[in-house]
Structures are given as C-alpha cells and as structure tokens.
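Visitor: Below: one structure in structure tokens.
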Amino acid sequence: MSNFYKKVTVSLLVLSFIISGCTIPGISKPQVKPKPKPDNQGQGQIINPDNIGAATGTVMEQLRAQTNINKFASLDELSAFLENNAQSGSVGYGRGEMMMDFAEGMAVDTVMKSAPMAAEAGVSYSNDLGLSSQSNEGGGSDDFSQTNVQVEGVDEADIIKTDGKYVYALVKNDLYIINAYPAQNSEVITKIAFKSRPADIYINEDRLVVHGQNSVIHETPYYKKWRRRSPYTFFKVFDISNRSEPKQVLDLDFEGSLANSRMIGDYVYFVTTNYNYHYIDDEPMLPRLLEGGEVVDCAVGTRCVMPEIYYFNIPYSNYNFSVVSAINIKDVDKTINQEMYLMSNAQNMYVSKKNLYITYTKYVSEYQLEMEVMKELVYPRLSAKDQEKIAKIGVVEHFILSPDEKQRKIQQIVEHYVYTLSEEKQENLEDELEAAMKQKYQDISKELEKTVIHKVAIDKDKIEYQTNGQVTGHVLNQFSMDEQGDYFRIATTKNRTWSRYMDDEERESYSNLYVLDKELNQVGAVEGLAKGERIYSVLFMQGRAYLVTFKQVDPLFVIDLSDPKNPKVLGELKIPGFSNYLHPYDDNHLIGIGKDTAESEWGGVRIKGIKVSLFDVSDVANPKEVDTYVMGEAGSDSIALRDHKAFLFSKDKNLMAMPVSIRETIDGRSYGKLTFSGAAVFTITEDKIEFKGKIDHSDKGRPSPRDYWRGYSYYDNSVKRCLYIDDVLYSFSNNYLSMNDLDNDLDEINKLKLEKKKSGEDDDFEIVN
C-alpha cells in the first residue's frame with residue numbers, strides 16, 4: 001500500500017463537510033450588522049445554526065465566515081443551536097493557545113460558596129489583633145504609587161493596593177487592611193479571612209472589590225442539585241468607610257472562570273468564560289448568575305437584563321461562553337448589564353477608556369488544505385454513484401449520524417476508489433497533490449495563523465458589540481495592542497510553519513505591526529520583521545511602537561506610527577539578551593527588563609542573569625543602549641518579567657524596584673545556587689542605572705513554606721510587589737510588609753508580620769479586627 005493511499009484515506013475522512021452544504025431544516029437567524037466593511041466582510045448573515053460546524057466552501061471562504069457575527073433572537077434559537085450542534089466540529093480547526101492569564105494560579109474545578117450579607121451572617125467582631133477601631137478620615141499622603149497599568153484611567157486588579165493611608169494586601173485566603181502611614185506607626189487593623197482564595201482586589205474610595213475562583217460552592221445543597229458541574233467565580237464588594245468594620249454590600253457568583261477585568265470610574269467590567277460548555281436538558285441554557293446564593297433570573301425583574309447572545313460562523317470544537325458584565329460598585333443595586341459571546345476560545349484582552357477588545361487566534365492546518373486540494377483533484381474522479389452517496393451522508397442530521405460516523409462511512413467509499421487505482425496512478429496523483437499544495441501555501445501563507453479581534457464599546461453600564469477584524473499572526477499579551485484616537489494598533493508574530501510543502505525560508509517565523517481603523521479595517525502595516533525570531537515585548541508610546549524580538553541577539557525596532565496609513569521602521573538596535581517588558585522612562589528613554597545572553601560553546605544561545613537596560617531613543621534612526629545592570633547567572637528570575645504589576649517605577653524619585661531571585665554560579669555548576677530572594681532597588685536617571693540595595697524577607701535564609709501562585713511555585717518569603725508612600729518603600733510577601741527609608745540607604749523603619757488566623761466555620765469569610 002503506497003503512502004499516498006494512506007494520505008487519501010485520511011484526507012477525505014471529512015470530505016462531507018466540504019462538499020455537501022448540509023442544509024438541515026432549522027431556524028433562520030436574524031441578521032446582525034456591525035459597522036459595514038468592504039466586500040461585506042464582518043457583517044452578520046442569515047444562516048441556519050445547524051450548519052455551523054459543518055464547514056462549507058473553500059478554506060478562504062471558511063476563514064472569512066469565521067469572523068462573521070450573528071445574534072440569537074431568542075433562547076429557543078440558542079437551544080436549537082446547542083442541541084443540533086452538540087460535539088460538532090471540523091477536524092483540523094486549530095484553536096490556538098488558551099489565554100494564559102485566565103484564572104491564573106487557580107484550579108479550574110475550584111468554586112466558591114455564596115454567603116449572605118455580612119450584616120445577616122452573624123459575623124463576630126473580635127479584638128484578636130488587639131487593635132482599636134479606626135476610620136479612613138484624613139492623615140493620608142498624596143504621594144503614593146498606584147498599580148502599574150497599561151492605560152491611564154483604566155485600573156487593573158492586583159494583590160495589593162494603597163490609597164496613601166491604608167494598604168490592602170492579599171495573603172493566600174486572607175485580606176489585610178493595614179494603617180500604613182506613617183510607616184513607623186503601621187499596624188494591621190482588619191483582616192478578612194475567606195474560605196476561597198481571592199485572586200485580586202480593586203479599591204475605589206470607600207469600596208473594596210474582592211474576586212476569585214471558588215472552592216466551596218460544590219459543598220452547598222443547591223450546587224449538588226445542579227447537573228452542570230461548572231466552576232464559579234465570586235465577586236464581592238465591601239463598604240470600607242470604617243476600615244475596622246468592613247461590611248459586605250454585594251455578593252455575586254458567576255458561572256465560569258475568571259478571564260480578566262478592568263475598572264473605569266465606578267464600573268468594573270468583569271469577563272468570565274465557560275470552557276467546554278455543555279447543553280443539558282432541564283438546566284439553564286445561559287451561565288448562571290447568583291446573588292447571595294440565589295439564582296438571578298434576568299428574564300424577570302430589574303436586577304439584570306437578559307443579555308444579547310452573539311455567535312460566530314466557525315466550526316465549534318467546543319462551546320465557550322464569554323460573558324462581559326458591567327457592575328456598578330458604588331450603586332450596588334443598579335442593574336447588572338451583560339453581553340454573551342459563544343466562542344471556541346479566547347486569549348487576550350485590551351481595554352481602553354471606551355472600548356474592550358477580545359482576541360483569539362485561528363489556524364489553518366495542513367490537513368484542511370489537503371482536504372480542499374483533494375476535493376479539487378479527487379472528487380470529480382469519483383463515480384456519480386459515489387458522489388451521490390457522499391452527498392446523502394453529508395445532509396443527514398447529527399443526531400442520526402455523528403460527524404465521526406459520517407467520516408467512517410465516507411472512508412469506506414474512498415477506500416474502494418483507491419483500491420481501483422494502479423500504483424502508477426496513485427503516484428501520479430500524489431505528485432499532483434504535492435504541486436497543488438505548494439501553490440496553495442503560496443496563495444494562503446498569510447491566512448495560516450490569524451488573530452481575530454472583537455471590539456466591544458463600553459460606557460458605564462452600556463456594553464455594545466461594534467465590529468471585528470483580523471490580522472496575520474498571534475498576539476503575545478495585552479501590551480501588543482493599543483488604541484490611539486480612532487486607530488487600533490496590534491503587533492503579532494507569525495509562527496514557524498512546519499510543512500513539507502514549504503522550503504526553509506517560507507517556514508520561518510516573522511513579526512508584524514498592523515494599524516486598523518475604527519471599523520477594524522487594516523489601513524497600514526509593517527510585515528516580515530525579524531525573520532526566524534518572535535516578539536518578546538512591545539511598547540506603544542505616542543506616535544511610535546517599540547518591538548523587541550529575539551533569537552540570538554535582541555533587536556529593538558523603533559516604528560513610526562505618526563501616519564497610520566504608512567507605518568515604517570525608523571531604526572533598529574541589536575544587543576545581547578532580550579527584554580520581556582518595556583517601560584517608558586520619558587519621551588526619549590525606555591527601560592527594559594529581561595535576560596542577559598551569551599553564545600554557548602556549541603554556537604547557540606545561553607540564557608544568563610536578569611538584565612536591566614536603559615535605551616536612548618531620542619535619535620530614532622540610531623537607538624542606543626546607554627546603560628545596563630545584570631543580576632545573577634542562569635536561573636535568576638523576577639516576577640516582573642511576566643507580570644507588569646510587579647514593576648515599580650517613579651521618575652520623580654529616580655526609583656525602580658522589583659522582586660528578584662538571584663542565583664550565582666558556585667563550583668562551576670551550570671545552574672547557580674540561590675543566593676538571594678527579595679526586592680532589588682535601583683536609582684535610575686536618563687543615562688544611569690545604579691543598584692541601590694536589596695530588601696530581604698527570608699529572615700536571613702530561614703526555610704519558608706511553598707505557595708503555588710499563578711502557575712508558579714514560590715515561597716512565602718518571596719517578595720511579590722513593591723510600592724511607596726512618600727519616601728518609604730513598602731515591599732510585600734506572604735510573610736511581611738516591610739517599610740524601608742528611600743532617603744537613608746533603605747534603612748528598615750518597620751516590618752509587619754502578616755500572620756494567618758483561622759477562618760469562620762459557617763460563612764465564606766470572617767472579619768477579624
């Protein structure tokens with residue numbers, strides 16, 4: 001049996017989904033029209049929901065259809081869609097990497113118990129900490145650091161916040177409210193002990209928001225009655241006008257895992273996702289929303305509004321309900337507005353003051369391309385009788401024949417056809433396939449990996465889908481995206497293509513930068529940057545973009561975006577190492593943090609210690625690295641390399657600080673010994689990086705329990721964040737909040753031990769003051 005026979009058999013397994021059209025009686029969908037685009041791309045279509053998952057037309061037609069937006073007119077239509085398309089999908093539809101910051105560090109099967117309001121829960125207020133009641137009136141400083149966010153005015157949740165008087169810090173299941181100013185008199189005034197570990201918090205004047213994955217809802221009687229065993233995410237709001245006696249004023253649970261969130265003004269935009277969502281009879285079709293442990297019915301009352309439900313003309317390999325909720329944390333009785341999107345996956349999110357962008361990456365596999373070529377080459381050669389059989393198999397409804405059963409039946413037809421071919425004809429057909437595939441790759445090279453962008457307008461409680469677009473490649477993280485005026489800028493990397501139909505040059509990875517207008521139509525592009533490399537960090541600043549790519553050296557590209565329709569590379573700098581994160585120092589200088597590198601004895605790259613770089617980009621044609629500082633050897637690391645909120649910078653104070661773990665080479669070992677773990681503090685100017693000192697939380701190297709947090713294993717004495725109030729640097733670990741004098745060689749002013757107390761037995765949190 002020739003290799004071609006095997007290829008034909010496999011490639012035609014799903015031929016029915018390409019040639020049949022699968023018109024099954026069902027409910028026609030209403031047309032949803034976002035802003036119009038040329039050639040009608042991106043507009044809604046009137047389609048039969050039963051046909052989704054049975055990809056029809058050419059690969060290019062399928063790809064265009066996958067960005068179309070449609071809306072269910074009723075829950076009955078959603079029900080018909082879910083029932084008729086259960087487990088459907090097109091083999092070969094790549095789903096891309098799941099969004100790495102979705103429910104970071106949280107087990108996907110952990111959920112939380114809803115609790116009554118604190119006032120109704122009989123929460124006891126004890127003096128276990130031996131502290132008196134205090135309020136937040138007066139006494140704070142106006143000179144304090146805020147969370148390092150991407151967009152000014154768009155707050156991001158974090159594990160620690162300060163308002164210049166108090167520090168609010170999460171340690172595992174406990175949230176500490178600390179009277180932190182002045183530092184020498186700092187004391188813990190309240191602790192809220194949760195049974196489920198919170199992920200992050202927001203602070204907005206006298207409102208404290210706490211959210212995270214749930215871990216106890218599965219123990220409740222009502223959860224045990226439900227057949228859909230989904231994870232749940234809790235969202236709690238506390239009134240902290242009296243910091244000693246926080247009062248819970250809002251208690252929500254969202255079915256699904258936390259994807260991301262932002263706070264703009266008094267509204268938190270909360271995004272949850274339900275992966276592998278299953279339709280089950282007698283269960284709600286939409287993800288549940290609970291308040292105080294009771295299911296909220298959005299079809300009745302005013303607590304929430306029945307959301308618009310959108311879907312896309314894609315071959316769903318699974319169902320993922322992505323839900324965007326607008327929650328007013330000041331007026332907690334205000335209606336909760338939502339929109340829902342039925343996706344196959346989601347990856348990254350960027351939020352400006354006016355718009356929210358959700359992205360995912362779609363892929364075309366070599367298998368899909370072979371199917372299309374085989375359709376063109378083989379199907380016409382089948383007998384009329386075989387063609388008729390395949391067409392009849394294709395139109396059978398899924399509940400009669402599953403897609404797998406259809407494939408097996410078609411396989412039998414194909415096997416019979418292949419047995420009739422001589423070996424010479426099989427070889428000739430294989431040559432035809434190879435030539436056609438090489439041509440196909442040339443025609444479709446930019447379509448093999450594309451990021452789809454969905455734009456949602458946000459304005460207080462209003463959430464409104466706008467439009468969508470797509471660009472070649474995949475997005476690294478939120479910093480690869482930016483909005484300026486009416487334009488959306490996005491940087492991507494097109495991964496290396498592993499195909500026997502392409503030569504080495506065609507397979508290489510490369511990076512791109514695209515400019516899209518407000519309708520997400522492409523108006524400008526720079527493509528094909530840094531062949532064989534990938535993006536490590538991006539910074540959009542004013543009318544420029546700065547891209548760091550890496551393979552053996554660190555090219556820093558400076559790209560002019562002043563003319564959105566004509567972006568161009570202004571300059572390039574190649575240096576050893578790479579930057580994982582770029583931060584502006586001022587209009588003409590950048591700070592980069594990443595890793596140092598060296599050439600290995602085999603001619604490859606050896607990753608070394610943590611590298612801090614200072615770049616001068618005043619001459620955009622000739623960017624310069626004006627100073628560097630390297631800490632440790634191979635194995636040295638910093639949370640700030642993958643979490644921008646761990647990076648602290650103040651130009652006015654010439655201050656930079658971040659958590660570090662330093663390893664040094666001892667006795668010739670290739671992977672160094674851990675010699676320090678704590679906070680590294682620097683004095684930084686426009687032309688100099690000077691190491692100022694280290695702050696240690698390890699009690700001179702004493703062992704500490706491990707803490708698995710956001711996908712990594714740390715120790716309780718690992719410093720996670722730094723902040724400042726006036727001229728005092730506060731460093732934070734699970735063990736301590738340390739206060740050091742920035743004006744006096746980092747002398748220790750105070751050090752608070754953050755001790756764990758037992759939590760309540762009946763409620764899902766306990767307040768200890």
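We name chains A, B, ... following the order of the structure tokens; residues begin at 1 in each chain, and ligands are numbered from 1 as shown.
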Give me the residues near Tyr487 (chain A) as a ChimeraX atom specification, where near means some atom within 7 Å (using only C-alpha atoms) and where sequence neighbours in that chain fewer than 5 positions away do not count.

Guide: /A:515-518

Visitor: Taking a cut-off of 12 Å and counting only C-alpha atoms, can you build a table that, for each residue of region 120-215 of chain A near region 468-486 of chain A, reports the nearest atom pair and how far apart they are in Å (one decimal), sorted by chain then residue number, as a tab-separated table?

Guide:
```
residue	atom	partner	partner_atom	distance
A:Val149	CA	A:Phe479	CA	10.2
A:Gln150	CA	A:Phe479	CA	7.2
A:Val151	CA	A:Asp482	CA	8.8
A:Glu156	CA	A:Gln478	CA	11.9
```

Visitor: Could you give me the residues within region 315-542 of chain A that DSSP places in strand (DSSP E), as an MDAnalysis selection string?

Guide: chainID A and resid 320:328 337:343 348:351 355:364 449:459 462:472 481:484 487:494 510:516 522:529 534:541

Visitor: In Å, how far is it from CA of Ala545 (chain A) to CA of His589 (chain A)?

Guide: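 Value for the CA of Ala545 (chain A)-CA of His589 (chain A) distance: 12.9 Å.
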
Visitor: Which residues, written as a ChimeraX atom specification, have at least one atom at most 7 Å from Met656 (chain A), with only C-alpha atoms counted and residues fewer than 6 positions away on the same chain left out?

Guide: /A:648-650,681-684

Visitor: Restricted to all heavy atoms, what would the selected residues look like written as a PDB file, in the first residue's frame?

Guide:
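Below is the file selection-v5.pdb, written as the result:
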```pdb
ATOM      1  N   LEU A 648       7.888  48.475  39.714  1.00  0.00           N
ATOM      2  CA  LEU A 648       7.647  49.787  40.319  1.00  0.00           C
ATOM      3  C   LEU A 648       8.635  50.794  39.760  1.00  0.00           C
ATOM      4  O   LEU A 648       9.845  50.557  39.748  1.00  0.00           O
ATOM      5  CB  LEU A 648       7.800  49.702  41.841  1.00  0.00           C
ATOM      6  CG  LEU A 648       7.672  51.034  42.605  1.00  0.00           C
ATOM      7  CD1 LEU A 648       6.257  51.595  42.500  1.00  0.00           C
ATOM      8  CD2 LEU A 648       8.082  50.856  44.072  1.00  0.00           C
ATOM      9  N   PHE A 649       8.121  51.942  39.303  1.00  0.00           N
ATOM     10  CA  PHE A 649       8.980  52.990  38.757  1.00  0.00           C
ATOM     11  C   PHE A 649       8.398  54.354  39.086  1.00  0.00           C
ATOM     12  O   PHE A 649       7.178  54.561  38.999  1.00  0.00           O
ATOM     13  CB  PHE A 649       9.110  52.842  37.241  1.00  0.00           C
ATOM     14  CG  PHE A 649       9.756  54.036  36.580  1.00  0.00           C
ATOM     15  CD1 PHE A 649      11.121  54.282  36.743  1.00  0.00           C
ATOM     16  CD2 PHE A 649       9.004  54.930  35.832  1.00  0.00           C
ATOM     17  CE1 PHE A 649      11.706  55.391  36.152  1.00  0.00           C
ATOM     18  CE2 PHE A 649       9.592  56.032  35.231  1.00  0.00           C
ATOM     19  CZ  PHE A 649      10.947  56.267  35.397  1.00  0.00           C
ATOM     20  N   SER A 650       9.268  55.267  39.477  1.00  0.00           N
ATOM     21  CA  SER A 650       8.900  56.674  39.663  1.00  0.00           C
ATOM     22  C   SER A 650      10.023  57.550  39.131  1.00  0.00           C
ATOM     23  O   SER A 650      11.144  57.521  39.677  1.00  0.00           O
ATOM     24  CB  SER A 650       8.639  56.985  41.135  1.00  0.00           C
ATOM     25  OG  SER A 650       8.507  58.384  41.331  1.00  0.00           O
ATOM     26  N   VAL A 681      16.383  47.179  44.478  1.00  0.00           N
ATOM     27  CA  VAL A 681      16.032  48.595  44.382  1.00  0.00           C
ATOM     28  C   VAL A 681      17.139  49.325  43.635  1.00  0.00           C
ATOM     29  O   VAL A 681      18.337  49.107  43.896  1.00  0.00           O
ATOM     30  CB  VAL A 681      15.831  49.214  45.784  1.00  0.00           C
ATOM     31  CG1 VAL A 681      15.305  50.642  45.663  1.00  0.00           C
ATOM     32  CG2 VAL A 681      14.867  48.362  46.615  1.00  0.00           C
ATOM     33  N   PHE A 682      16.735  50.210  42.698  1.00  0.00           N
ATOM     34  CA  PHE A 682      17.682  50.921  41.858  1.00  0.00           C
ATOM     35  C   PHE A 682      17.405  52.420  41.877  1.00  0.00           C
ATOM     36  O   PHE A 682      16.262  52.858  42.032  1.00  0.00           O
ATOM     37  CB  PHE A 682      17.591  50.442  40.407  1.00  0.00           C
ATOM     38  CG  PHE A 682      17.890  48.986  40.211  1.00  0.00           C
ATOM     39  CD1 PHE A 682      16.894  48.033  40.374  1.00  0.00           C
ATOM     40  CD2 PHE A 682      19.167  48.564  39.882  1.00  0.00           C
ATOM     41  CE1 PHE A 682      17.162  46.685  40.199  1.00  0.00           C
ATOM     42  CE2 PHE A 682      19.445  47.215  39.696  1.00  0.00           C
ATOM     43  CZ  PHE A 682      18.441  46.278  39.859  1.00  0.00           C
ATOM     44  N   THR A 683      18.470  53.188  41.698  1.00  0.00           N
ATOM     45  CA  THR A 683      18.362  54.602  41.346  1.00  0.00           C
ATOM     46  C   THR A 683      18.570  54.696  39.842  1.00  0.00           C
ATOM     47  O   THR A 683      19.563  54.170  39.315  1.00  0.00           O
ATOM     48  CB  THR A 683      19.424  55.439  42.076  1.00  0.00           C
ATOM     49  OG1 THR A 683      19.208  55.333  43.486  1.00  0.00           O
ATOM     50  CG2 THR A 683      19.324  56.899  41.656  1.00  0.00           C
ATOM     51  N   ILE A 684      17.645  55.336  39.150  1.00  0.00           N
ATOM     52  CA  ILE A 684      17.715  55.363  37.694  1.00  0.00           C
ATOM     53  C   ILE A 684      17.483  56.778  37.184  1.00  0.00           C
ATOM     54  O   ILE A 684      16.564  57.473  37.637  1.00  0.00           O
ATOM     55  CB  ILE A 684      16.698  54.369  37.086  1.00  0.00           C
ATOM     56  CG1 ILE A 684      16.873  54.259  35.572  1.00  0.00           C
ATOM     57  CG2 ILE A 684      15.271  54.699  37.473  1.00  0.00           C
ATOM     58  CD1 ILE A 684      16.172  53.058  34.966  1.00  0.00           C
TER      59      ILE A 684
END
```

Visitor: Run DSSP on the backbone and give me the residues of region 326-373 of chain A it puts in alpha helix (DSSP H), as a PyMOL selection string.

Guide: chain A and resi 366-373

Visitor: Which residues come within 6 Å of Val154 (chain A), counting only C-alpha atoms, excluding same-chain residues fewer than 2 positions away, as a list in words?

Guide: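 Surrounding residues, per the criterion: Val151, Glu152, Met263 and Ile264 of chain A.
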
Visitor: Generate the output file for the selected residues, N, CA, C and O atoms, as a CSV table (one decimal), in the first residue's frame.

Guide:
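Below you can see part13.csv, which holds the result:
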```csv
chain,number,residue,atom,x,y,z
A,151,VAL,N,-3.1,51.4,30.6
A,151,VAL,CA,-3.8,52.5,30.1
A,151,VAL,C,-4.2,53.4,31.3
A,151,VAL,O,-4.9,53.0,32.2
A,152,GLU,N,-3.8,54.7,31.3
A,152,GLU,CA,-4.1,55.6,32.3
A,152,GLU,C,-5.6,55.7,32.4
A,152,GLU,O,-6.3,55.9,31.4
A,263,MET,N,-11.4,48.2,35.8
A,263,MET,CA,-12.3,49.2,36.4
A,263,MET,C,-12.1,50.6,35.8
A,263,MET,O,-11.0,51.1,35.8
A,264,ILE,N,-13.2,51.2,35.4
A,264,ILE,CA,-13.2,52.5,34.8
A,264,ILE,C,-14.3,53.3,35.6
A,264,ILE,O,-15.5,53.0,35.5
```

Visitor: Go through region 724-755 of chain A residue by residue and, counting only C-alpha atoms, keep those with an atom at most 12 Å from region 625-646 of chain A; for each kept residue give the shortest atom pair and its distance in Å to one decimal, ordered by chain and increasing number, as JSON lines.

Guide:
```
{"residue": "A:Ser731", "atom": "CA", "partner": "A:Ala646", "partner_atom": "CA", "distance": 10.5}
{"residue": "A:Phe732", "atom": "CA", "partner": "A:Ala646", "partner_atom": "CA", "distance": 10.3}
{"residue": "A:Ser733", "atom": "CA", "partner": "A:Ala646", "partner_atom": "CA", "distance": 11.7}
```

Visitor: Could you work out how far CA of Phe765 (chain A) lies from CA of Ile192 (chain A), giving the answer in Å with one decimal?

Guide: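 Result for CA of Ile192 (chain A) versus CA of Phe765 (chain A): 6.4 Å, one decimal.
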